[in-house]
file query.pdb (PDB, C-alpha atoms)
ATOM      1  CA  MET D   1     169.288   2.287  29.870  1.00  0.00           C
ATOM      2  CA  THR D   2     171.619   2.252  32.840  1.00  0.00           C
ATOM      3  CA  ASP D   3     172.917   5.491  34.280  1.00  0.00           C
ATOM      4  CA  PRO D   4     176.700   5.414  34.141  1.00  0.00           C
ATOM      5  CA  VAL D   5     178.493   5.010  37.443  1.00  0.00           C
ATOM      6  CA  GLY D   6     180.801   7.914  38.187  1.00  0.00           C
ATOM      7  CA  GLY D   7     184.109   7.365  36.408  1.00  0.00           C
ATOM      8  CA  ALA D   8     183.088   4.017  34.914  1.00  0.00           C
ATOM      9  CA  ILE D   9     183.781   3.194  31.267  1.00  0.00           C
ATOM     10  CA  ARG D  10     180.449   3.324  29.422  1.00  0.00           C
ATOM     11  CA  VAL D  11     179.892   0.309  27.174  1.00  0.00           C
ATOM     12  CA  PHE D  12     177.238  -0.110  24.481  1.00  0.00           C
ATOM     13  CA  LEU D  13     176.346  -3.608  23.228  1.00  0.00           C
ATOM     14  CA  VAL D  14     175.353  -4.424  19.634  1.00  0.00           C
ATOM     15  CA  ASP D  15     174.392  -7.986  18.637  1.00  0.00           C
ATOM     16  CA  ASP D  16     171.360  -9.467  16.929  1.00  0.00           C
ATOM     17  CA  GLN D  17     171.180 -12.307  19.465  1.00  0.00           C
ATOM     18  CA  GLN D  18     169.561 -11.272  22.725  1.00  0.00           C
ATOM     19  CA  MET D  19     171.213 -14.080  24.689  1.00  0.00           C
ATOM     20  CA  VAL D  20     174.644 -12.961  23.498  1.00  0.00           C
ATOM     21  CA  ARG D  21     173.918  -9.404  24.609  1.00  0.00           C
ATOM     22  CA  ALA D  22     172.711 -10.688  27.982  1.00  0.00           C
ATOM     23  CA  GLY D  23     175.966 -12.610  28.431  1.00  0.00           C
ATOM     24  CA  PHE D  24     178.067  -9.573  27.562  1.00  0.00           C
ATOM     25  CA  ARG D  25     175.985  -7.409  29.901  1.00  0.00           C
ATOM     26  CA  MET D  26     176.531  -9.790  32.823  1.00  0.00           C
ATOM     27  CA  LEU D  27     180.278  -9.894  32.131  1.00  0.00           C
ATOM     28  CA  VAL D  28     180.693  -6.141  31.734  1.00  0.00           C
ATOM     29  CA  GLU D  29     178.596  -5.214  34.755  1.00  0.00           C
ATOM     30  CA  SER D  30     180.518  -7.664  36.945  1.00  0.00           C
ATOM     31  CA  GLN D  31     183.380  -5.158  36.793  1.00  0.00           C
ATOM     32  CA  PRO D  32     183.383  -2.120  39.097  1.00  0.00           C
ATOM     33  CA  ASP D  33     184.982   0.143  36.470  1.00  0.00           C
ATOM     34  CA  LEU D  34     182.615  -0.775  33.622  1.00  0.00           C
ATOM     35  CA  THR D  35     178.914  -0.151  33.014  1.00  0.00           C
ATOM     36  CA  VAL D  36     176.487  -0.927  30.191  1.00  0.00           C
ATOM     37  CA  VAL D  37     174.649   2.179  28.990  1.00  0.00           C
ATOM     38  CA  GLY D  38     172.588   0.639  26.198  1.00  0.00           C
ATOM     39  CA  GLU D  39     172.205  -2.097  23.631  1.00  0.00           C
ATOM     40  CA  ALA D  40     170.879  -2.672  20.128  1.00  0.00           C
ATOM     41  CA  GLY D  41     169.898  -5.651  18.011  1.00  0.00           C
ATOM     42  CA  ASP D  42     171.210  -4.416  14.660  1.00  0.00           C
ATOM     43  CA  GLY D  43     173.520  -1.808  13.186  1.00  0.00           C
ATOM     44  CA  GLN D  44     170.827   0.702  12.282  1.00  0.00           C
ATOM     45  CA  GLU D  45     169.344   0.666  15.761  1.00  0.00           C
ATOM     46  CA  ALA D  46     172.849   1.044  17.187  1.00  0.00           C
ATOM     47  CA  ALA D  47     173.658   4.044  14.992  1.00  0.00           C
ATOM     48  CA  ASP D  48     170.360   5.692  15.911  1.00  0.00           C
ATOM     49  CA  LEU D  49     170.674   5.097  19.657  1.00  0.00           C
ATOM     50  CA  LEU D  50     174.355   6.053  19.824  1.00  0.00           C
ATOM     51  CA  ALA D  51     173.507   9.428  18.308  1.00  0.00           C
ATOM     52  CA  ALA D  52     171.813  10.249  21.610  1.00  0.00           C
ATOM     53  CA  THR D  53     173.572   7.933  24.074  1.00  0.00           C
ATOM     54  CA  GLY D  54     176.926   8.770  25.584  1.00  0.00           C
ATOM     55  CA  ALA D  55     179.227   5.759  25.290  1.00  0.00           C
ATOM     56  CA  ASP D  56     182.972   5.242  25.479  1.00  0.00           C
ATOM     57  CA  VAL D  57     183.292   1.799  23.909  1.00  0.00           C
ATOM     58  CA  VAL D  58     180.983  -0.144  21.588  1.00  0.00           C
ATOM     59  CA  LEU D  59     181.040  -3.938  21.316  1.00  0.00           C
ATOM     60  CA  MET D  60     179.868  -4.402  17.729  1.00  0.00           C
ATOM     61  CA  ASP D  61     178.885  -7.685  16.107  1.00  0.00           C
ATOM     62  CA  VAL D  62     179.775  -7.555  12.413  1.00  0.00           C
ATOM     63  CA  ARG D  63     177.170  -9.873  10.891  1.00  0.00           C
ATOM     64  CA  MET D  64     173.689  -8.512  11.556  1.00  0.00           C
ATOM     65  CA  PRO D  65     170.449  -7.906   9.640  1.00  0.00           C
ATOM     66  CA  ARG D  66     169.251  -4.535   8.314  1.00  0.00           C
ATOM     67  CA  LEU D  67     172.622  -2.803   8.739  1.00  0.00           C
ATOM     68  CA  ASP D  68     175.761  -4.790   9.440  1.00  0.00           C
ATOM     69  CA  GLY D  69     178.484  -3.866  11.886  1.00  0.00           C
ATOM     70  CA  VAL D  70     180.772  -2.514   9.194  1.00  0.00           C
ATOM     71  CA  GLU D  71     178.400   0.227   8.040  1.00  0.00           C
ATOM     72  CA  ALA D  72     177.331   0.907  11.621  1.00  0.00           C
ATOM     73  CA  THR D  73     180.997   1.334  12.581  1.00  0.00           C
ATOM     74  CA  ARG D  74     181.483   3.721   9.649  1.00  0.00           C
ATOM     75  CA  LEU D  75     178.524   5.855  10.770  1.00  0.00           C
ATOM     76  CA  VAL D  76     179.530   5.890  14.420  1.00  0.00           C
ATOM     77  CA  ALA D  77     183.261   6.498  13.860  1.00  0.00           C
ATOM     78  CA  ALA D  78     182.578   9.496  11.610  1.00  0.00           C
ATOM     79  CA  ARG D  79     180.866  11.465  14.381  1.00  0.00           C
ATOM     80  CA  PRO D  80     182.701  14.002  16.562  1.00  0.00           C
ATOM     81  CA  GLY D  81     183.744  12.498  19.874  1.00  0.00           C
ATOM     82  CA  ALA D  82     182.891   9.023  18.600  1.00  0.00           C
ATOM     83  CA  PRO D  83     183.185   6.044  20.938  1.00  0.00           C
ATOM     84  CA  ARG D  84     185.845   3.436  20.259  1.00  0.00           C
ATOM     85  CA  VAL D  85     184.484   0.385  18.456  1.00  0.00           C
ATOM     86  CA  ILE D  86     185.535  -3.205  19.109  1.00  0.00           C
ATOM     87  CA  VAL D  87     184.195  -5.488  16.403  1.00  0.00           C
ATOM     88  CA  LEU D  88     183.383  -9.081  17.295  1.00  0.00           C
ATOM     89  CA  THR D  89     183.688 -11.880  14.771  1.00  0.00           C
ATOM     90  CA  THR D  90     183.389 -15.658  14.814  1.00  0.00           C
ATOM     91  CA  PHE D  91     186.555 -16.402  12.847  1.00  0.00           C
ATOM     92  CA  ASP D  92     189.963 -14.849  12.245  1.00  0.00           C
ATOM     93  CA  LEU D  93     190.360 -14.000   8.540  1.00  0.00           C
ATOM     94  CA  ASP D  94     186.921 -12.447   8.249  1.00  0.00           C
ATOM     95  CA  GLU D  95     186.270  -9.969   5.435  1.00  0.00           C
ATOM     96  CA  TYR D  96     183.835  -8.209   7.755  1.00  0.00           C
ATOM     97  CA  ALA D  97     186.567  -7.664  10.356  1.00  0.00           C
ATOM     98  CA  PHE D  98     188.864  -6.407   7.587  1.00  0.00           C
ATOM     99  CA  ALA D  99     186.214  -3.955   6.373  1.00  0.00           C
ATOM    100  CA  ALA D 100     185.381  -2.821   9.909  1.00  0.00           C
ATOM    101  CA  ILE D 101     189.010  -1.909  10.591  1.00  0.00           C
ATOM    102  CA  ARG D 102     189.036   0.140   7.392  1.00  0.00           C
ATOM    103  CA  ALA D 103     185.764   1.752   8.525  1.00  0.00           C
ATOM    104  CA  GLY D 104     187.326   2.981  11.775  1.00  0.00           C
ATOM    105  CA  ALA D 105     187.149   0.179  14.330  1.00  0.00           C
ATOM    106  CA  ALA D 106     189.862   0.325  16.982  1.00  0.00           C
ATOM    107  CA  ALA D 107     190.003  -3.436  17.469  1.00  0.00           C
ATOM    108  CA  PHE D 108     188.573  -6.783  16.572  1.00  0.00           C
ATOM    109  CA  LEU D 109     188.208  -9.867  18.728  1.00  0.00           C
ATOM    110  CA  LEU D 110     186.962 -13.371  18.198  1.00  0.00           C
ATOM    111  CA  LYS D 111     183.665 -14.067  19.949  1.00  0.00           C
ATOM    112  CA  ASP D 112     185.148 -17.078  21.696  1.00  0.00           C
ATOM    113  CA  ALA D 113     187.976 -15.032  23.250  1.00  0.00           C
ATOM    114  CA  PRO D 114     188.388 -15.535  27.016  1.00  0.00           C
ATOM    115  CA  PRO D 115     186.314 -13.102  29.125  1.00  0.00           C
ATOM    116  CA  GLU D 116     189.453 -11.481  30.517  1.00  0.00           C
ATOM    117  CA  ASP D 117     190.593 -10.688  26.962  1.00  0.00           C
ATOM    118  CA  LEU D 118     187.334  -8.906  26.182  1.00  0.00           C
ATOM    119  CA  LEU D 119     187.441  -6.921  29.435  1.00  0.00           C
ATOM    120  CA  GLY D 120     191.073  -6.028  28.783  1.00  0.00           C
ATOM    121  CA  ALA D 121     190.221  -4.917  25.251  1.00  0.00           C
ATOM    122  CA  ILE D 122     187.519  -2.558  26.532  1.00  0.00           C
ATOM    123  CA  ARG D 123     189.960  -0.926  28.930  1.00  0.00           C
ATOM    124  CA  THR D 124     192.748  -0.782  26.366  1.00  0.00           C
ATOM    125  CA  VAL D 125     190.776   0.930  23.594  1.00  0.00           C
ATOM    126  CA  HIS D 126     189.248   3.323  26.121  1.00  0.00           C
ATOM    127  CA  ALA D 127     192.782   4.359  27.053  1.00  0.00           C
ATOM    128  CA  GLY D 128     193.380   5.217  23.393  1.00  0.00           C
ATOM    129  CA  ASP D 129     195.325   2.173  22.314  1.00  0.00           C
ATOM    130  CA  SER D 130     194.462  -0.487  19.748  1.00  0.00           C
ATOM    131  CA  VAL D 131     193.969  -4.117  20.626  1.00  0.00           C
ATOM    132  CA  VAL D 132     194.686  -5.573  17.211  1.00  0.00           C
ATOM    133  CA  ALA D 133     198.403  -6.054  16.716  1.00  0.00           C
ATOM    134  CA  PRO D 134     199.510  -4.078  13.665  1.00  0.00           C
ATOM    135  CA  SER D 135     201.013  -7.291  12.254  1.00  0.00           C
ATOM    136  CA  THR D 136     197.602  -8.966  12.488  1.00  0.00           C
ATOM    137  CA  THR D 137     195.964  -6.005  10.785  1.00  0.00           C
ATOM    138  CA  ARG D 138     198.632  -6.130   8.096  1.00  0.00           C
ATOM    139  CA  ARG D 139     197.908  -9.811   7.528  1.00  0.00           C
ATOM    140  CA  LEU D 140     194.205  -9.069   7.121  1.00  0.00           C
ATOM    141  CA  LEU D 141     194.945  -6.241   4.710  1.00  0.00           C
ATOM    142  CA  GLU D 142     197.372  -8.287   2.652  1.00  0.00           C
ATOM    143  CA  HIS D 143     194.962 -11.201   2.444  1.00  0.00           C
ATOM    144  CA  PHE D 144     191.962  -9.236   1.235  1.00  0.00           C
ATOM    145  CA  SER D 145     193.801  -6.574  -0.767  1.00  0.00           C
ATOM    146  CA  ALA D 146     195.460  -9.393  -2.704  1.00  0.00           C
ATOM    147  CA  LEU D 147     191.997 -10.504  -3.750  1.00  0.00           C
ATOM    148  CA  SER D 148     191.238  -7.076  -5.205  1.00  0.00           C
ATOM    149  CA  GLY D 149     194.750  -6.835  -6.661  1.00  0.00           C
ATOM    150  CA  ARG D 150     194.927  -3.070  -6.684  1.00  0.00           C
ATOM    151  CA  ARG D 151     195.615  -0.001  -4.630  1.00  0.00           C
ATOM    152  CA  SER D 152     192.592   1.493  -2.910  1.00  0.00           C
ATOM    153  CA  PRO D 153     191.156   4.537  -4.712  1.00  0.00           C
ATOM    154  CA  ASP D 154     190.093   5.970  -1.360  1.00  0.00           C
ATOM    155  CA  VAL D 155     193.589   6.930  -0.216  1.00  0.00           C
ATOM    156  CA  ASP D 156     194.025  10.690   0.002  1.00  0.00           C
ATOM    157  CA  ASP D 157     197.414  11.437  -1.579  1.00  0.00           C
ATOM    158  CA  ALA D 158     197.398  14.894   0.009  1.00  0.00           C
ATOM    159  CA  ARG D 159     197.813  13.272   3.420  1.00  0.00           C
ATOM    160  CA  LEU D 160     200.959  11.527   2.258  1.00  0.00           C
ATOM    161  CA  ALA D 161     202.309  14.635   0.536  1.00  0.00           C
ATOM    162  CA  ARG D 162     202.495  16.421   3.896  1.00  0.00           C
ATOM    163  CA  LEU D 163     204.900  13.844   5.313  1.00  0.00           C
ATOM    164  CA  THR D 164     208.636  14.314   5.550  1.00  0.00           C
ATOM    165  CA  ASP D 165     210.905  11.623   4.117  1.00  0.00           C
ATOM    166  CA  ARG D 166     211.587  10.313   7.630  1.00  0.00           C
ATOM    167  CA  GLU D 167     207.902  10.270   8.530  1.00  0.00           C
ATOM    168  CA  ARG D 168     207.122   8.337   5.373  1.00  0.00           C
ATOM    169  CA  GLU D 169     209.878   5.881   6.270  1.00  0.00           C
ATOM    170  CA  VAL D 170     208.384   5.401   9.736  1.00  0.00           C
ATOM    171  CA  LEU D 171     204.931   4.967   8.197  1.00  0.00           C
ATOM    172  CA  VAL D 172     206.258   2.128   6.044  1.00  0.00           C
ATOM    173  CA  LEU D 173     207.728   0.405   9.098  1.00  0.00           C
ATOM    174  CA  VAL D 174     204.489   0.839  11.053  1.00  0.00           C
ATOM    175  CA  GLY D 175     202.674  -0.596   8.052  1.00  0.00           C
ATOM    176  CA  ARG D 176     204.953  -3.621   8.132  1.00  0.00           C
ATOM    177  CA  GLY D 177     203.732  -4.264  11.672  1.00  0.00           C
ATOM    178  CA  LEU D 178     206.872  -3.204  13.533  1.00  0.00           C
ATOM    179  CA  SER D 179     206.636  -2.059  17.140  1.00  0.00           C
ATOM    180  CA  ASN D 180     208.307   1.147  18.341  1.00  0.00           C
ATOM    181  CA  ALA D 181     211.204  -0.895  19.738  1.00  0.00           C
ATOM    182  CA  GLU D 182     211.666  -2.649  16.393  1.00  0.00           C
ATOM    183  CA  ILE D 183     211.580   0.680  14.551  1.00  0.00           C
ATOM    184  CA  VAL D 184     214.247   1.987  16.953  1.00  0.00           C
ATOM    185  CA  ALA D 185     216.472  -0.952  16.009  1.00  0.00           C
ATOM    186  CA  GLU D 186     215.753  -0.525  12.291  1.00  0.00           C
ATOM    187  CA  LEU D 187     216.494   3.215  12.155  1.00  0.00           C
ATOM    188  CA  VAL D 188     219.035   3.384  15.013  1.00  0.00           C
ATOM    189  CA  VAL D 189     217.301   6.312  16.725  1.00  0.00           C
ATOM    190  CA  ALA D 190     215.965   6.985  20.220  1.00  0.00           C
ATOM    191  CA  GLU D 191     212.562   5.578  21.179  1.00  0.00           C
ATOM    192  CA  ALA D 192     211.374   9.106  22.022  1.00  0.00           C
ATOM    193  CA  THR D 193     212.147  10.090  18.431  1.00  0.00           C
ATOM    194  CA  VAL D 194     210.060   7.232  17.068  1.00  0.00           C
ATOM    195  CA  LYS D 195     207.173   8.151  19.362  1.00  0.00           C
ATOM    196  CA  THR D 196     207.363  11.735  18.104  1.00  0.00           C
ATOM    197  CA  HIS D 197     207.275  10.577  14.480  1.00  0.00           C
ATOM    198  CA  VAL D 198     204.273   8.313  15.146  1.00  0.00           C
ATOM    199  CA  SER D 199     202.433  11.145  16.908  1.00  0.00           C
ATOM    200  CA  ARG D 200     203.083  13.453  13.952  1.00  0.00           C
ATOM    201  CA  LEU D 201     201.930  10.751  11.528  1.00  0.00           C
ATOM    202  CA  LEU D 202     198.656  10.412  13.429  1.00  0.00           C
ATOM    203  CA  ALA D 203     198.136  14.184  13.397  1.00  0.00           C
ATOM    204  CA  LYS D 204     199.113  14.783   9.764  1.00  0.00           C
ATOM    205  CA  THR D 205     197.112  11.890   8.324  1.00  0.00           C
ATOM    206  CA  GLY D 206     194.085  12.311  10.578  1.00  0.00           C
ATOM    207  CA  SER D 207     194.420   8.698  11.737  1.00  0.00           C
ATOM    208  CA  ARG D 208     192.729   7.748  14.990  1.00  0.00           C
ATOM    209  CA  ASP D 209     195.312   5.186  16.075  1.00  0.00           C
ATOM    210  CA  ARG D 210     198.213   3.007  14.990  1.00  0.00           C
ATOM    211  CA  VAL D 211     195.933   0.465  13.323  1.00  0.00           C
ATOM    212  CA  GLN D 212     194.625   3.180  11.005  1.00  0.00           C
ATOM    213  CA  LEU D 213     198.227   4.021  10.084  1.00  0.00           C
ATOM    214  CA  VAL D 214     198.750   0.390   9.092  1.00  0.00           C
ATOM    215  CA  VAL D 215     195.636   0.573   6.921  1.00  0.00           C
ATOM    216  CA  LEU D 216     196.818   3.811   5.305  1.00  0.00           C
ATOM    217  CA  ALA D 217     200.324   2.487   4.594  1.00  0.00           C
ATOM    218  CA  HIS D 218     198.979  -0.639   2.975  1.00  0.00           C
ATOM    219  CA  GLU D 219     196.238   1.023   0.936  1.00  0.00           C
ATOM    220  CA  ALA D 220     198.650   3.725  -0.264  1.00  0.00           C
ATOM    221  CA  GLY D 221     200.833   0.991  -1.738  1.00  0.00           C
ATOM    222  CA  LEU D 222     203.729   1.750   0.623  1.00  0.00           C
ATOM    223  CA  VAL D 223     203.738  -1.818   1.931  1.00  0.00           C
ATOM    224  CA  GLY D 224     203.427  -5.061   0.045  1.00  0.00           C
TER     225      GLY D 224
END
call {"tool": "encode", "arguments": {"input": "query.pdb", "output": "structure tokens"}}
result
Amino acid sequence: MTDPVGGAIRVFLVDDQQMVRAGFRMLVESQPDLTVVGEAGDGQEAADLLAATGADVVLMDVRMPRLDGVEATRLVAARPGAPRVIVLTTFDLDEYAFAAIRAGAAAFLLKDAPPEDLLGAIRTVHAGDSVVAPSTTRRLLEHFSALSGRRSPDVDDARLARLTDREREVLVLVGRGLSNAEIVAELVVAEATVKTHVSRLLAKTGSRDRVQLVVLAHEAGLVG
């Protein structure tokens, strides 16, 4: 494994195709602010290696043998100080991408995305943001939740009970895919106020990012 360059974003590659990993490695290491610190050929190997390897961002294929990217994401995201996971899929409305977002992934990208999009995604999730637009996440959730036809039993009602009426209102708007600017227009409040509400929602619900708030709002039956 490569020793991380000082200050570089540490990237871990997970894909069952060696040639795909080699291509990602060449792309990532062509950037002065990025470095590859390890790679794995399936989800189980990734989970095992990441338990001992310091990484900031994981590029995770979703369809792999032995342990798929969804379960690997769930294992990795549950650990303290977990790296941010970008799941890679071959097509848009993919039930694996949907499940990976619910499992804690910070983003998903199509495998045929332009190289600059992938590099930008790595930097964006490392900075603490989410690459997937909340509206896109909402579309995924609506599509696959409609197939199950019911509210998720996994939603912790206690998390919602801690919210004020205004926070719940903001959560619904986030769940609908609205940006902060759109929420400002909807509620006629200052943008700083909206940012404060979103920050409190993240803290009170234990959500890692805005995408997880969208998931929570939808699965709690607040949206739809």
call {"tool": "closest_atom_pairs", "arguments": {"input": "query.pdb", "of": "range 14-36 of chain D", "to": "range 85-98 of chain D", "cutoff": "12 Å", "atoms": "all atoms listed in the file", "output": "Markdown table"}}
result
| residue | atom | partner | partner_atom | distance |
| --- | --- | --- | --- | --- |
| D:Val14 | CA | D:Val87 | CA | 9.5 |
| D:Asp15 | CA | D:Leu88 | CA | 9.2 |
| D:Val20 | CA | D:Leu88 | CA | 11.4 |
| D:Arg21 | CA | D:Leu88 | CA | 12.0 |
| D:Phe24 | CA | D:Leu88 | CA | 11.6 |
call {"tool": "residues_around", "arguments": {"input": "query.pdb", "residues": "Lys204 in chain D", "least_positions_apart": "3", "cutoff": "9 Å", "atoms": "all atoms listed in the file", "output": "number ranges by chain"}}
result
D: 159-160, 162-163, 199-201, 207
call {"tool": "atom_distance", "arguments": {"input": "query.pdb", "atom1": "CA of Asp112 in chain D", "atom2": "CA of Thr53 in chain D"}}
result
27.7 Å
call {"tool": "resolve_selection", "arguments": {"input": "query.pdb", "expression": "the PyMOL selection byres ((chain D and resi 103) around 9)", "output": "PyMOL selection string"}}
result
chain D and resi 70-71+73-75+77-78+98-102+104-105
call {"tool": "atom_distance", "arguments": {"input": "query.pdb", "atom1": "CA of Asp48 in chain D", "atom2": "CA of Ala106 in chain D"}}
result
20.3 Å
call {"tool": "resolve_selection", "arguments": {"input": "query.pdb", "expression": "the PyMOL selection byres ((chain D and resi 31) around 12)", "output": "list in words"}}
result
Val5, Ala8, Ile9, Arg10, Val11, Phe24, Arg25, Met26, Leu27, Val28, Glu29, Ser30, Pro32, Asp33, Leu34, Thr35, Val36, Pro115, Glu116, Leu118, Leu119, Gly120, Ile122 and Arg123 of chain D
call {"tool": "atom_distance", "arguments": {"input": "query.pdb", "atom1": "CA of Ala192 in chain D", "atom2": "CA of Arg210 in chain D"}}
result
16.1 Å
call {"tool": "resolve_selection", "arguments": {"input": "query.pdb", "expression": "the PyMOL selection byres ((chain D and resi 42) around 9)", "output": "number ranges by chain"}}
result
D: 14-16, 40-41, 43-47, 61, 63-69, 72
call {"tool": "closest_residue", "arguments": {"input": "query.pdb", "among": "D:Ala190, D:Val223, D:Leu59, D:Val174", "to": "Asp209 in chain D", "atoms": "all atoms listed in the file"}}
result
D:Val174
call {"tool": "closest_residue", "arguments": {"input": "query.pdb", "among": "D:Ala217, D:Leu140, D:Met60, D:Ala51", "to": "Val170 in chain D", "atoms": "only C-alpha atoms"}}
result
D:Ala217
call {"tool": "closest_residue", "arguments": {"input": "query.pdb", "among": "D:Ala220, D:Val37, D:Leu171, D:Val125", "to": "Ile183 in chain D", "atoms": "only C-alpha atoms"}}
result
D:Leu171
call {"tool": "closest_residue", "arguments": {"input": "query.pdb", "among": "D:Glu167, D:Gly81, D:Gln18, D:Val58", "to": "Ala203 in chain D", "atoms": "all atoms listed in the file"}}
result
D:Glu167
call {"tool": "decode", "arguments": {"input": "query.pdb", "residues": "range 170-195 of chain D", "atoms": "N, CA and C atoms", "output": "PDB file, in the first residue's frame"}}
result
ATOM      1  N   VAL D 170     -38.622  21.999   8.285  1.00  0.00           N
ATOM      2  CA  VAL D 170     -37.419  22.087   7.451  1.00  0.00           C
ATOM      3  C   VAL D 170     -37.016  20.702   6.956  1.00  0.00           C
ATOM      4  N   LEU D 171     -37.155  19.698   7.820  1.00  0.00           N
ATOM      5  CA  LEU D 171     -36.829  18.328   7.419  1.00  0.00           C
ATOM      6  C   LEU D 171     -37.691  17.887   6.237  1.00  0.00           C
ATOM      7  N   VAL D 172     -38.960  18.232   6.259  1.00  0.00           N
ATOM      8  CA  VAL D 172     -39.851  17.883   5.155  1.00  0.00           C
ATOM      9  C   VAL D 172     -39.381  18.542   3.858  1.00  0.00           C
ATOM     10  N   LEU D 173     -38.986  19.800   3.944  1.00  0.00           N
ATOM     11  CA  LEU D 173     -38.526  20.514   2.751  1.00  0.00           C
ATOM     12  C   LEU D 173     -37.206  19.948   2.235  1.00  0.00           C
ATOM     13  N   VAL D 174     -36.305  19.595   3.146  1.00  0.00           N
ATOM     14  CA  VAL D 174     -35.062  18.933   2.739  1.00  0.00           C
ATOM     15  C   VAL D 174     -35.396  17.606   2.055  1.00  0.00           C
ATOM     16  N   GLY D 175     -36.342  16.886   2.631  1.00  0.00           N
ATOM     17  CA  GLY D 175     -36.756  15.611   2.063  1.00  0.00           C
ATOM     18  C   GLY D 175     -37.365  15.742   0.684  1.00  0.00           C
ATOM     19  N   ARG D 176     -37.965  16.882   0.411  1.00  0.00           N
ATOM     20  CA  ARG D 176     -38.536  17.134  -0.913  1.00  0.00           C
ATOM     21  C   ARG D 176     -37.463  17.514  -1.924  1.00  0.00           C
ATOM     22  N   GLY D 177     -36.214  17.635  -1.457  1.00  0.00           N
ATOM     23  CA  GLY D 177     -35.116  17.937  -2.361  1.00  0.00           C
ATOM     24  C   GLY D 177     -34.817  19.408  -2.525  1.00  0.00           C
ATOM     25  N   LEU D 178     -35.381  20.260  -1.664  1.00  0.00           N
ATOM     26  CA  LEU D 178     -35.152  21.695  -1.793  1.00  0.00           C
ATOM     27  C   LEU D 178     -33.762  22.081  -1.297  1.00  0.00           C
ATOM     28  N   SER D 179     -33.161  23.042  -1.954  1.00  0.00           N
ATOM     29  CA  SER D 179     -31.884  23.599  -1.527  1.00  0.00           C
ATOM     30  C   SER D 179     -32.135  24.592  -0.402  1.00  0.00           C
ATOM     31  N   ASN D 180     -31.056  25.071   0.242  1.00  0.00           N
ATOM     32  CA  ASN D 180     -31.228  26.073   1.293  1.00  0.00           C
ATOM     33  C   ASN D 180     -31.912  27.323   0.752  1.00  0.00           C
ATOM     34  N   ALA D 181     -31.510  27.753  -0.450  1.00  0.00           N
ATOM     35  CA  ALA D 181     -32.097  28.955  -1.043  1.00  0.00           C
ATOM     36  C   ALA D 181     -33.590  28.765  -1.287  1.00  0.00           C
ATOM     37  N   GLU D 182     -33.975  27.572  -1.725  1.00  0.00           N
ATOM     38  CA  GLU D 182     -35.396  27.297  -1.965  1.00  0.00           C
ATOM     39  C   GLU D 182     -36.180  27.234  -0.658  1.00  0.00           C
ATOM     40  N   ILE D 183     -35.540  26.721   0.396  1.00  0.00           N
ATOM     41  CA  ILE D 183     -36.202  26.690   1.704  1.00  0.00           C
ATOM     42  C   ILE D 183     -36.380  28.106   2.235  1.00  0.00           C
ATOM     43  N   VAL D 184     -35.389  28.965   2.005  1.00  0.00           N
ATOM     44  CA  VAL D 184     -35.490  30.380   2.389  1.00  0.00           C
ATOM     45  C   VAL D 184     -36.727  31.006   1.748  1.00  0.00           C
ATOM     46  N   ALA D 185     -36.912  30.753   0.452  1.00  0.00           N
ATOM     47  CA  ALA D 185     -38.052  31.319  -0.263  1.00  0.00           C
ATOM     48  C   ALA D 185     -39.375  30.742   0.243  1.00  0.00           C
ATOM     49  N   GLU D 186     -39.361  29.458   0.577  1.00  0.00           N
ATOM     50  CA  GLU D 186     -40.580  28.777   1.032  1.00  0.00           C
ATOM     51  C   GLU D 186     -41.028  29.279   2.405  1.00  0.00           C
ATOM     52  N   LEU D 187     -40.060  29.467   3.309  1.00  0.00           N
ATOM     53  CA  LEU D 187     -40.386  29.833   4.693  1.00  0.00           C
ATOM     54  C   LEU D 187     -40.271  31.335   4.973  1.00  0.00           C
ATOM     55  N   VAL D 188     -39.676  32.069   4.012  1.00  0.00           N
ATOM     56  CA  VAL D 188     -39.453  33.508   4.165  1.00  0.00           C
ATOM     57  C   VAL D 188     -38.649  33.791   5.437  1.00  0.00           C
ATOM     58  N   VAL D 189     -37.467  33.174   5.498  1.00  0.00           N
ATOM     59  CA  VAL D 189     -36.544  33.389   6.622  1.00  0.00           C
ATOM     60  C   VAL D 189     -35.156  33.635   6.044  1.00  0.00           C
ATOM     61  N   ALA D 190     -34.214  34.006   6.910  1.00  0.00           N
ATOM     62  CA  ALA D 190     -32.845  34.253   6.465  1.00  0.00           C
ATOM     63  C   ALA D 190     -32.140  32.929   6.167  1.00  0.00           C
ATOM     64  N   GLU D 191     -31.184  32.972   5.243  1.00  0.00           N
ATOM     65  CA  GLU D 191     -30.448  31.748   4.899  1.00  0.00           C
ATOM     66  C   GLU D 191     -29.675  31.219   6.103  1.00  0.00           C
ATOM     67  N   ALA D 192     -29.159  32.121   6.938  1.00  0.00           N
ATOM     68  CA  ALA D 192     -28.431  31.697   8.138  1.00  0.00           C
ATOM     69  C   ALA D 192     -29.342  30.893   9.062  1.00  0.00           C
ATOM     70  N   THR D 193     -30.610  31.264   9.105  1.00  0.00           N
ATOM     71  CA  THR D 193     -31.578  30.542   9.934  1.00  0.00           C
ATOM     72  C   THR D 193     -31.783  29.131   9.409  1.00  0.00           C
ATOM     73  N   VAL D 194     -31.899  29.000   8.092  1.00  0.00           N
ATOM     74  CA  VAL D 194     -32.068  27.681   7.493  1.00  0.00           C
ATOM     75  C   VAL D 194     -30.839  26.819   7.771  1.00  0.00           C
ATOM     76  N   LYS D 195     -29.659  27.398   7.616  1.00  0.00           N
ATOM     77  CA  LYS D 195     -28.432  26.641   7.869  1.00  0.00           C
ATOM     78  C   LYS D 195     -28.374  26.156   9.313  1.00  0.00           C
TER      79      LYS D 195
END
